[in-house]
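> One file is attached below, protein-v5.tsv, containing TSV, C-alpha atoms.
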chain	number	residue	atom	x	y	z
A	20	MET	CA	10.90	-5.45	-19.20
A	21	ALA	CA	12.69	-7.24	-22.05
A	22	ALA	CA	16.49	-7.29	-22.10
A	23	GLU	CA	19.09	-7.42	-24.85
A	24	HIS	CA	22.75	-8.36	-24.52
A	25	PRO	CA	24.78	-6.70	-27.29
A	26	SER	CA	28.27	-8.12	-27.82
A	27	ASP	CA	29.89	-4.98	-29.21
A	28	ARG	CA	29.33	-1.24	-29.49
A	29	ASP	CA	27.94	-1.41	-33.04
A	30	SER	CA	25.21	-3.87	-32.13
A	31	LEU	CA	24.43	-1.79	-29.04
A	32	ALA	CA	24.12	1.36	-31.16
A	33	ASP	CA	21.88	-0.46	-33.66
A	34	SER	CA	19.64	-1.67	-30.85
A	35	VAL	CA	19.34	1.83	-29.36
A	36	ARG	CA	18.52	3.33	-32.75
A	37	LYS	CA	15.86	0.71	-33.48
A	38	HIS	CA	14.04	0.84	-30.14
A	39	VAL	CA	14.09	4.62	-29.76
A	40	SER	CA	12.65	5.01	-33.28
A	41	GLU	CA	9.79	2.80	-32.08
A	42	GLY	CA	9.17	5.06	-29.06
A	43	ALA	CA	10.76	2.82	-26.42
A	44	ALA	CA	13.01	3.98	-23.60
A	45	ILE	CA	16.53	2.66	-23.05
A	46	TYR	CA	17.60	1.37	-19.63
A	47	PRO	CA	21.35	0.54	-19.50
A	48	GLN	CA	22.36	-2.21	-17.10
A	49	GLY	CA	25.62	-3.71	-15.88
A	50	GLY	CA	26.23	-5.64	-12.67
A	51	ARG	CA	22.85	-4.64	-11.19
A	52	THR	CA	24.49	-3.33	-8.00
A	53	ALA	CA	22.66	0.03	-7.95
A	54	LEU	CA	19.24	-0.72	-9.48
A	55	HIS	CA	17.57	0.50	-6.27
A	56	SER	CA	19.00	4.03	-6.67
A	57	GLY	CA	17.03	6.91	-8.14
A	58	GLY	CA	13.48	7.13	-9.37
A	59	PRO	CA	11.45	4.31	-10.97
A	60	PRO	CA	11.29	3.93	-14.78
A	61	GLU	CA	9.00	6.49	-16.36
A	62	ARG	CA	7.80	4.49	-19.36
A	63	PRO	CA	8.15	1.09	-21.07
A	64	GLY	CA	11.41	0.30	-22.74
A	65	ILE	CA	14.24	-2.13	-23.23
A	66	VAL	CA	17.06	-3.11	-20.86
A	67	LEU	CA	20.49	-3.01	-22.53
A	68	ASP	CA	22.88	-5.29	-20.66
A	69	VAL	CA	26.54	-4.35	-21.32
A	70	LEU	CA	28.21	-7.29	-19.56
A	71	GLN	CA	29.47	-8.76	-22.84
A	72	LEU	CA	31.34	-5.51	-23.57
A	73	ASN	CA	34.22	-6.49	-21.29
A	74	ARG	CA	37.35	-6.39	-23.42
A	75	VAL	CA	40.64	-4.54	-22.99
A	76	ILE	CA	41.07	-2.05	-25.85
A	77	ASP	CA	44.58	-0.83	-25.03
A	78	TYR	CA	46.95	-1.11	-22.08
A	79	PRO	CA	50.24	0.77	-22.47
A	80	ALA	CA	51.37	-0.05	-18.93
A	81	ALA	CA	54.36	2.29	-19.07
A	82	ASP	CA	51.99	5.22	-19.71
A	83	MET	CA	49.93	4.32	-16.61
A	84	THR	CA	46.68	4.34	-18.59
A	85	ILE	CA	44.25	1.66	-19.75
A	86	THR	CA	41.28	1.68	-22.11
A	87	VAL	CA	38.59	-0.94	-21.48
A	88	GLU	CA	34.99	-1.64	-22.39
A	89	ALA	CA	32.35	-0.61	-19.88
A	90	GLY	CA	31.15	-4.13	-19.02
A	91	MET	CA	34.42	-5.16	-17.37
A	92	THR	CA	34.09	-5.53	-13.61
A	93	LEU	CA	36.27	-3.59	-11.21
A	94	ALA	CA	37.67	-6.82	-9.75
A	95	ALA	CA	38.66	-8.09	-13.21
A	96	LEU	CA	40.38	-4.79	-13.98
A	97	GLN	CA	42.30	-4.81	-10.69
A	98	ASP	CA	43.45	-8.39	-11.33
A	99	LEU	CA	44.71	-7.39	-14.78
A	100	LEU	CA	46.49	-4.27	-13.52
A	101	GLY	CA	48.02	-6.26	-10.67
A	102	THR	CA	50.06	-8.30	-13.15
A	103	GLU	CA	51.95	-5.06	-13.89
A	104	GLY	CA	52.15	-3.96	-10.26
A	105	GLN	CA	49.44	-1.36	-10.86
A	106	ARG	CA	45.87	-0.63	-9.77
A	107	LEU	CA	42.96	1.68	-10.39
A	108	PRO	CA	42.94	3.88	-7.24
A	109	LEU	CA	39.24	3.33	-6.66
A	110	HIS	CA	37.12	1.15	-4.36
A	111	ALA	CA	33.47	0.26	-4.90
A	112	PRO	CA	31.02	-2.22	-3.29
A	113	PHE	CA	30.53	-5.61	-4.98
A	114	ALA	CA	33.72	-5.23	-7.03
A	115	ASP	CA	33.26	-8.70	-8.51
A	116	ARG	CA	29.91	-7.63	-10.03
A	117	ALA	CA	30.16	-3.85	-10.37
A	118	THR	CA	31.05	-2.87	-13.93
A	119	LEU	CA	33.26	0.09	-14.70
A	120	GLY	CA	30.50	1.66	-16.77
A	121	GLY	CA	28.10	1.35	-13.85
A	122	ILE	CA	30.62	2.67	-11.32
A	123	TYR	CA	31.21	5.76	-13.41
A	124	ALA	CA	27.55	6.23	-14.38
A	125	THR	CA	26.60	6.24	-10.68
A	126	ASP	CA	29.75	8.03	-9.46
A	127	THR	CA	30.38	5.25	-6.95
A	128	SER	CA	33.38	5.38	-4.66
A	129	GLY	CA	34.44	4.17	-1.23
A	130	PRO	CA	36.36	5.37	1.82
A	131	SER	CA	39.62	5.74	-0.12
A	132	ARG	CA	38.22	8.69	-2.08
A	133	TYR	CA	39.63	10.91	0.70
A	134	GLY	CA	43.22	10.22	-0.28
A	135	LEU	CA	42.98	8.64	-3.73
A	136	GLY	CA	40.27	10.77	-5.33
A	137	ARG	CA	36.84	10.32	-6.88
A	138	PRO	CA	35.93	8.44	-10.08
A	139	ARG	CA	36.06	11.69	-12.05
A	140	ASP	CA	39.68	12.13	-10.96
A	141	GLN	CA	40.71	8.85	-12.61
A	142	ILE	CA	38.94	9.13	-15.98
A	143	LEU	CA	40.67	10.50	-19.07
A	144	GLY	CA	38.37	9.45	-21.89
A	145	VAL	CA	34.93	7.98	-22.53
A	146	ALA	CA	32.89	6.64	-25.44
A	147	PHE	CA	29.11	6.41	-25.22
A	148	VAL	CA	26.08	5.79	-27.42
A	149	THR	CA	23.41	8.50	-27.58
A	150	SER	CA	19.67	7.95	-27.91
A	151	GLN	CA	20.06	8.55	-31.67
A	152	GLY	CA	22.42	5.57	-31.84
A	153	HIS	CA	25.51	7.73	-32.43
A	154	LEU	CA	28.87	6.77	-30.91
A	155	VAL	CA	30.42	9.82	-29.23
A	156	LYS	CA	33.95	9.99	-27.85
A	157	GLY	CA	35.39	12.54	-25.48
A	158	GLY	CA	38.81	12.96	-23.89
A	159	GLY	CA	41.74	10.64	-24.45
A	160	ARG	CA	45.05	9.68	-22.89
A	161	VAL	CA	46.19	13.24	-22.22
A	162	VAL	CA	44.66	15.48	-19.60
A	163	LYS	CA	44.21	18.75	-21.51
A	164	ASN	CA	42.18	17.80	-24.54
A	165	VAL	CA	38.73	19.18	-23.76
A	166	ALA	CA	36.77	21.20	-26.28
A	167	GLY	CA	33.06	21.85	-25.68
A	168	TYR	CA	31.51	19.36	-23.26
A	169	ASP	CA	33.95	17.58	-20.96
A	170	PHE	CA	32.30	14.23	-21.67
A	171	PRO	CA	34.40	12.07	-19.30
A	172	LYS	CA	33.32	14.13	-16.30
A	173	LEU	CA	29.83	14.87	-17.67
A	174	LEU	CA	29.00	11.17	-18.03
A	175	THR	CA	30.35	10.43	-14.53
A	176	GLY	CA	27.33	10.46	-12.23
A	177	SER	CA	24.80	10.85	-15.06
A	178	TYR	CA	23.02	7.56	-14.22
A	179	GLY	CA	22.70	6.64	-17.89
A	180	SER	CA	20.47	9.65	-18.54
A	181	LEU	CA	22.73	11.10	-21.26
A	182	GLY	CA	23.85	7.92	-23.03
A	183	THR	CA	25.14	4.40	-22.54
A	184	ILE	CA	28.84	4.25	-21.65
A	185	VAL	CA	30.65	1.66	-23.76
A	186	GLU	CA	34.35	2.46	-23.20
A	187	LEU	CA	36.57	4.24	-20.67
A	188	THR	CA	40.19	5.37	-20.57
A	189	LEU	CA	41.46	5.46	-17.00
A	190	LYS	CA	44.57	6.50	-15.10
A	191	THR	CA	46.39	3.82	-13.12
A	192	ARG	CA	48.86	3.99	-10.23
A	193	PRO	CA	51.49	1.67	-8.73
A	194	LYS	CA	50.25	-0.69	-6.03
A	195	PRO	CA	51.48	0.33	-2.57
A	196	GLU	CA	54.13	-1.76	-0.85
A	197	ALA	CA	52.34	-1.73	2.51
A	198	THR	CA	48.94	-0.79	3.94
A	199	ALA	CA	47.60	-0.27	7.44
A	200	LEU	CA	44.38	0.82	9.10
A	201	VAL	CA	44.25	2.49	12.51
A	202	TRP	CA	41.00	1.77	14.40
A	203	THR	CA	40.41	4.12	17.34
A	204	GLN	CA	37.64	4.11	19.92
A	205	TRP	CA	36.16	7.24	21.50
A	206	PRO	CA	33.46	7.67	24.16
A	207	THR	CA	30.00	8.56	22.87
A	208	HIS	CA	30.08	11.85	24.77
A	209	GLN	CA	33.49	12.82	23.33
A	210	PRO	CA	33.10	15.84	21.00
A	211	LEU	CA	34.80	14.75	17.79
A	212	GLU	CA	34.79	18.03	15.85
A	213	PRO	CA	38.18	19.25	17.19
A	214	ILE	CA	39.70	15.79	16.63
A	215	LEU	CA	38.45	15.58	13.03
A	216	SER	CA	39.61	19.13	12.40
A	217	ALA	CA	43.08	18.43	13.78
A	218	LEU	CA	43.44	15.33	11.60
A	219	THR	CA	43.02	17.39	8.43
A	220	THR	CA	46.42	18.92	9.24
A	221	SER	CA	48.01	15.72	10.52
A	222	ARG	CA	51.65	15.07	9.66
A	223	SER	CA	50.45	11.68	8.44
A	224	ARG	CA	48.66	11.43	5.09
A	225	PRO	CA	45.73	9.01	5.50
A	226	VAL	CA	43.93	7.84	2.37
A	227	VAL	CA	40.95	6.66	4.44
A	228	PHE	CA	39.21	8.86	7.04
A	229	GLU	CA	36.10	7.13	8.42
A	230	LEU	CA	33.77	7.74	11.36
A	231	LEU	CA	31.31	5.04	12.53
A	232	ASN	CA	28.70	4.74	15.23
A	233	THR	CA	28.33	1.54	17.27
A	234	PRO	CA	25.81	-0.30	15.03
A	235	ALA	CA	27.91	0.35	11.92
A	236	ALA	CA	31.14	-0.69	13.68
A	237	GLU	CA	29.50	-3.92	14.85
A	238	VAL	CA	28.54	-4.85	11.29
A	239	VAL	CA	31.94	-3.94	9.85
A	240	THR	CA	33.95	-5.89	12.44
A	241	ARG	CA	31.66	-8.91	12.17
A	242	GLU	CA	31.83	-9.00	8.38
A	243	SER	CA	35.61	-8.48	8.33
A	244	GLY	CA	36.20	-11.18	10.94
A	245	LEU	CA	38.53	-8.93	12.94
A	246	ASP	CA	38.42	-8.53	16.71
A	247	LEU	CA	38.14	-4.76	17.15
A	248	PRO	CA	36.27	-2.52	19.62
A	249	THR	CA	32.83	-1.35	18.51
A	250	SER	CA	31.28	0.66	21.35
A	251	GLY	CA	31.17	4.44	21.37
A	252	GLN	CA	32.43	6.28	18.30
A	253	ILE	CA	34.98	4.67	15.99
A	254	LEU	CA	37.46	6.66	13.93
A	255	ALA	CA	39.32	4.62	11.28
A	256	LEU	CA	42.30	5.93	9.30
A	257	GLY	CA	43.88	4.10	6.38
A	258	LEU	CA	47.53	4.44	5.37
A	259	GLU	CA	49.62	3.21	2.45
A	260	GLY	CA	53.10	3.59	0.98
A	261	THR	CA	56.46	1.95	1.60
A	262	SER	CA	56.85	-0.09	4.78
A	263	GLU	CA	58.99	2.67	6.34
A	264	VAL	CA	56.52	5.43	5.47
A	265	VAL	CA	53.53	3.45	6.78
A	266	GLN	CA	55.33	2.71	10.05
A	267	TRP	CA	56.25	6.39	10.48
A	268	GLN	CA	52.63	7.42	9.90
A	269	LEU	CA	51.42	4.84	12.43
A	270	ASP	CA	53.78	6.29	15.02
A	271	VAL	CA	52.54	9.81	14.24
A	272	LEU	CA	48.87	8.83	14.58
A	273	ARG	CA	49.45	7.01	17.85
A	274	GLU	CA	50.90	10.25	19.18
A	275	GLU	CA	48.18	12.49	17.72
A	276	LEU	CA	45.33	10.20	18.84
A	277	ALA	CA	46.71	9.36	22.27
A	278	ALA	CA	43.47	10.56	23.93
A	279	ALA	CA	41.47	7.71	22.34
A	280	THR	CA	40.04	5.04	24.65
A	281	GLU	CA	41.71	2.33	22.57
A	282	ILE	CA	43.90	2.24	19.46
A	283	SER	CA	44.17	-0.89	17.31
A	284	GLU	CA	46.03	-1.57	14.08
A	285	ALA	CA	45.36	-3.81	11.10
A	286	ARG	CA	48.22	-4.41	8.67
A	287	ASP	CA	48.44	-5.42	5.01
A	288	SER	CA	45.97	-8.28	4.26
A	289	HIS	CA	43.96	-7.54	7.42
A	290	ALA	CA	43.90	-3.83	6.54
A	291	ASP	CA	42.79	-4.64	2.99
A	292	ARG	CA	40.02	-6.89	4.29
A	293	LEU	CA	38.82	-4.18	6.67
A	294	LEU	CA	38.85	-1.59	3.88
A	295	GLN	CA	36.80	-3.90	1.65
A	296	THR	CA	34.23	-4.25	4.42
A	297	LEU	CA	34.13	-0.50	5.03
A	298	THR	CA	33.57	-0.06	1.30
A	299	ALA	CA	30.74	-2.60	1.17
A	300	HIS	CA	28.87	-1.51	4.30
A	301	PRO	CA	27.05	1.59	2.91
A	302	ALA	CA	25.60	-0.62	0.15
A	303	THR	CA	24.14	-3.18	2.60
A	304	GLU	CA	20.52	-3.91	1.77
A	305	THR	CA	18.20	-2.01	4.09
A	306	PRO	CA	14.61	-0.66	4.03
A	307	MET	CA	15.99	2.87	3.65
A	308	SER	CA	19.36	4.57	3.45
A	309	PHE	CA	20.50	8.15	3.18
A	310	LYS	CA	23.63	9.82	1.88
A	311	ALA	CA	24.30	13.32	3.14
A	312	THR	CA	26.91	15.49	1.44
A	313	LEU	CA	28.24	18.27	3.65
A	314	LEU	CA	31.20	20.47	4.26
A	315	PRO	CA	33.71	18.27	6.14
A	316	SER	CA	33.62	20.74	9.02
A	317	ALA	CA	29.89	19.95	9.51
A	318	VAL	CA	30.25	16.16	9.70
A	319	ALA	CA	30.77	15.79	13.47
A	320	ASN	CA	27.69	17.82	14.43
A	321	PHE	CA	25.52	16.10	11.81
A	322	PHE	CA	26.79	12.68	12.90
A	323	ALA	CA	25.77	13.41	16.49
A	324	GLU	CA	22.17	14.14	15.38
A	325	VAL	CA	21.56	10.65	13.96
A	326	ASP	CA	19.91	8.23	16.40
A	327	PRO	CA	21.94	4.97	16.60
A	328	ALA	CA	18.80	3.17	17.76
A	329	ARG	CA	17.39	3.69	14.26
A	330	TRP	CA	20.42	4.10	11.99
A	331	ALA	CA	23.83	2.52	11.46
A	332	VAL	CA	26.01	5.45	10.41
A	333	GLN	CA	29.30	5.46	8.53
A	334	SER	CA	30.90	8.68	7.38
A	335	HIS	CA	33.64	9.37	4.86
A	336	ALA	CA	34.42	12.13	7.33
A	337	GLY	CA	37.32	13.71	5.47
A	338	SER	CA	35.18	14.00	2.33
A	339	GLY	CA	32.03	15.35	4.02
A	340	ILE	CA	29.84	12.31	3.23
A	341	VAL	CA	27.59	10.61	5.80
A	342	TRP	CA	25.77	7.34	5.10
A	343	GLY	CA	22.87	6.13	7.22
A	344	LEU	CA	21.38	2.62	6.99
A	345	ALA	CA	18.03	2.11	8.69
A	346	HIS	CA	17.51	-0.77	11.08
A	347	SER	CA	14.98	-3.20	9.63
A	348	ASP	CA	12.59	-3.05	12.60
A	349	VAL	CA	11.97	0.73	12.50
A	350	PRO	CA	8.66	1.82	10.88
A	351	ILE	CA	9.02	3.75	7.62
A	352	SER	CA	6.89	6.56	9.09
A	353	VAL	CA	9.49	7.10	11.83
A	354	LEU	CA	12.35	6.98	9.34
A	355	ALA	CA	10.57	9.53	7.16
A	356	GLN	CA	10.47	11.97	10.09
A	357	ASP	CA	14.19	11.47	10.63
A	358	ILE	CA	14.87	12.09	6.93
A	359	ALA	CA	12.99	15.39	7.00
A	360	HIS	CA	14.95	16.56	10.03
A	361	LEU	CA	18.35	15.40	8.77
A	362	ARG	CA	17.76	16.90	5.32
A	363	GLU	CA	17.10	20.28	6.92
A	364	LEU	CA	20.40	19.98	8.80
A	365	ALA	CA	22.25	18.98	5.63
A	366	VAL	CA	20.89	21.90	3.62
A	367	ALA	CA	21.71	24.28	6.46
A	368	ALA	CA	25.27	22.93	6.31
A	369	GLU	CA	25.46	23.84	2.58
A	370	GLY	CA	24.81	20.28	1.50
A	371	ASN	CA	22.00	17.92	0.59
A	372	LEU	CA	20.62	14.50	1.49
A	373	ILE	CA	19.51	11.84	-0.98
A	374	LEU	CA	18.00	8.37	-0.53
A	375	PRO	CA	19.96	5.62	-2.33
A	376	GLN	CA	17.55	3.01	-0.94
A	377	CYS	CA	13.87	3.79	-0.41
A	378	PRO	CA	10.56	1.92	-0.80
A	379	THR	CA	9.34	2.51	-4.34
A	380	ASP	CA	5.96	3.84	-3.20
A	381	ARG	CA	7.69	6.50	-1.05
A	382	LYS	CA	10.30	7.72	-3.55
A	383	GLY	CA	8.09	10.55	-4.78
A	384	ASP	CA	7.02	12.12	-1.51
A	385	LEU	CA	10.37	11.57	0.26
A	386	GLY	CA	12.41	13.01	-2.63
A	387	VAL	CA	15.13	10.51	-3.46
A	388	TRP	CA	17.36	13.24	-4.97
A	389	GLY	CA	16.96	15.67	-2.09
A	390	VAL	CA	16.17	19.38	-2.17
A	391	PRO	CA	16.20	20.82	-5.73
A	392	ARG	CA	19.41	22.68	-6.55
A	393	ILE	CA	19.94	25.67	-8.78
A	394	ASP	CA	22.09	23.65	-11.20
A	395	TRP	CA	19.36	21.08	-11.90
A	396	GLU	CA	17.91	23.15	-14.73
A	397	LEU	CA	21.34	23.32	-16.35
A	398	ALA	CA	21.50	19.52	-16.11
A	399	ARG	CA	18.10	19.26	-17.78
A	400	MET	CA	19.25	21.55	-20.59
A	401	ILE	CA	22.26	19.33	-21.23
A	402	LYS	CA	20.02	16.24	-21.26
A	403	ARG	CA	17.69	17.85	-23.80
A	404	SER	CA	20.73	18.62	-25.96
A	405	LEU	CA	22.20	15.11	-25.85
A	406	ASP	CA	18.95	13.15	-25.55
A	407	PRO	CA	16.22	15.11	-27.37
A	408	ALA	CA	13.97	12.01	-27.40
A	409	GLY	CA	14.14	11.77	-23.61
A	410	ALA	CA	14.74	8.06	-24.08
A	411	MET	CA	17.81	7.44	-21.91
A	412	ASN	CA	16.86	6.03	-18.51
A	413	PRO	CA	13.80	8.32	-18.09
A	414	GLY	CA	12.71	8.78	-14.49
A	415	ARG	CA	15.92	7.51	-12.94
A	416	PHE	CA	17.69	10.85	-12.59
A	417	LEU	CA	16.74	14.49	-13.17
Would you encode the structure as structure tokens?

Amino acid sequence: MAAEHPSDRDSLADSVRKHVSEGAAIYPQGGRTALHSGGPPERPGIVLDVLQLNRVIDYPAADMTITVEAGMTLAALQDLLGTEGQRLPLHAPFADRATLGGIYATDTSGPSRYGLGRPRDQILGVAFVTSQGHLVKGGGRVVKNVAGYDFPKLLTGSYGSLGTIVELTLKTRPKPEATALVWTQWPTHQPLEPILSALTTSRSRPVVFELLNTPAAEVVTRESGLDLPTSGQILALGLEGTSEVVQWQLDVLREELAAATEISEARDSHADRLLQTLTAHPATETPMSFKATLLPSAVANFFAEVDPARWAVQSHAGSGIVWGLAHSDVPISVLAQDIAHLRELAVAAEGNLILPQCPTDRKGDLGVWGVPRIDWELARMIKRSLDPAGAMNPGRFL
């Protein structure tokens, strides 16, 4: 598939207008960190690479907002904000390659979403190009400015199916003075549901709330280079704030988690390195992966149903998200049986289960987007309204 690399929004809009008028589809592309997600392309078209759209439009640091083009990477943005003692409160895998447009188009987030929020919680405004080549803007620097479609939130998680994001206005926050991560080990037979439930009312305020099985913990500790226990079940809690506040929270958690087999701590740079590894792990290349979204109260029971001999499992437990990464030596036919069983459990728990990574020839019968939901038809109606030509990333999403 041919690719074009527009250098500004006007040339991007011209390219979209030209190719759609000729009957081609438009496939937006950034850092290529999530090309495996979703369905395969439905028809021939053109790849629009937005990496050259990477400029800062406006940064009034005192207002704690920034407007940037969609091709800027998350790492580049964090470096820029760091010069003002600020950050975007968001983590995503491959931050040095992942573009902001791609992160928001795929609704990508990491373990810190528990305490810092999702991508949609950080976005104030968006500009995008429709399949007719029109530039549309929604939102702005103030929170209450929505009339009609709430485009910033509507484009978040749309996988480029409504338009190509070219600009975002985002909320920033001060960088924390100190960080820490508490790594606790629990026996495999230890029921974790009461522990997870109790932590939701902890006197501490963790921003990270992760649960890992042994295979996942082994990968994370190896990649982070830290000497931490990996057997059994691992519960990891991330903290941030002033040095005094972080120390107080560590003391509280040591008291609340005293029943753990072992409690370890990582501070500051070691904690940041461990968080980066926890963020990257669910995106590790694998023959198949699943992402289950559940009520947080259902996580412990679902987690216990996943066979560690076939899956490395990491859960954003406080957010109700469970990731499973298949071991490379397990036959796809066996994994498919697991997926069917686990999807039933997820739906019964008022959730769903999708397949971020899946062999292309199995995406149709395994259902990469999970069990159809009642709001899918509403999503299709919105797509027909914004993309009547059906040209934006056809086949990828709904």
> Compare A:Gly50, A:Gly339, A:Pro193, A:Gly144 by their minimum atom-to-atom distance to Thr261 in chain A, counting only C-alpha atoms, and give me the closest one.
A:Pro193
> Which is closest to Ser56 in chain A among A:Pro315, A:Pro195, A:Gly337, A:Gly176, if we use only C-alpha atoms?
A:Gly176
> CA of Asp68 in chain A to CA of Ser131 in chain A: how many Å, to one decimal?
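Distance between the two atoms: 28.7 Å.
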> Find the distance between CA of Met83 in chain A and CA of Thr296 in chain A and write it in Å to one decimal.
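The value is 27.6 Å.
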> To one decimal place, how far is CA of Ser40 in chain A from CA of Gly57 in chain A in Å?
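Here the two named atoms are 25.6 Å from each other.
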> Taking 5 positions as the minimum chain separation for residues in the same chain, which residues sit within 12 Å of Asp348 in chain A when counting only C-alpha atoms? Answer as a VMD selection string.
chain A and resid 305 to 307 328 to 330 353 to 354
> Dump C-alpha atoms for the selected residues as a PDB file, in the frame of the given file?

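What ended up in result_33.pdb:
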ATOM      1  CA  THR A 305      18.200  -2.010   4.090  1.00  0.00           C
ATOM      2  CA  PRO A 306      14.610  -0.660   4.030  1.00  0.00           C
ATOM      3  CA  MET A 307      15.990   2.870   3.650  1.00  0.00           C
ATOM      4  CA  ALA A 328      18.800   3.170  17.760  1.00  0.00           C
ATOM      5  CA  ARG A 329      17.390   3.690  14.260  1.00  0.00           C
ATOM      6  CA  TRP A 330      20.420   4.100  11.990  1.00  0.00           C
ATOM      7  CA  VAL A 353       9.490   7.100  11.830  1.00  0.00           C
ATOM      8  CA  LEU A 354      12.350   6.980   9.340  1.00  0.00           C
TER       9      LEU A 354
END
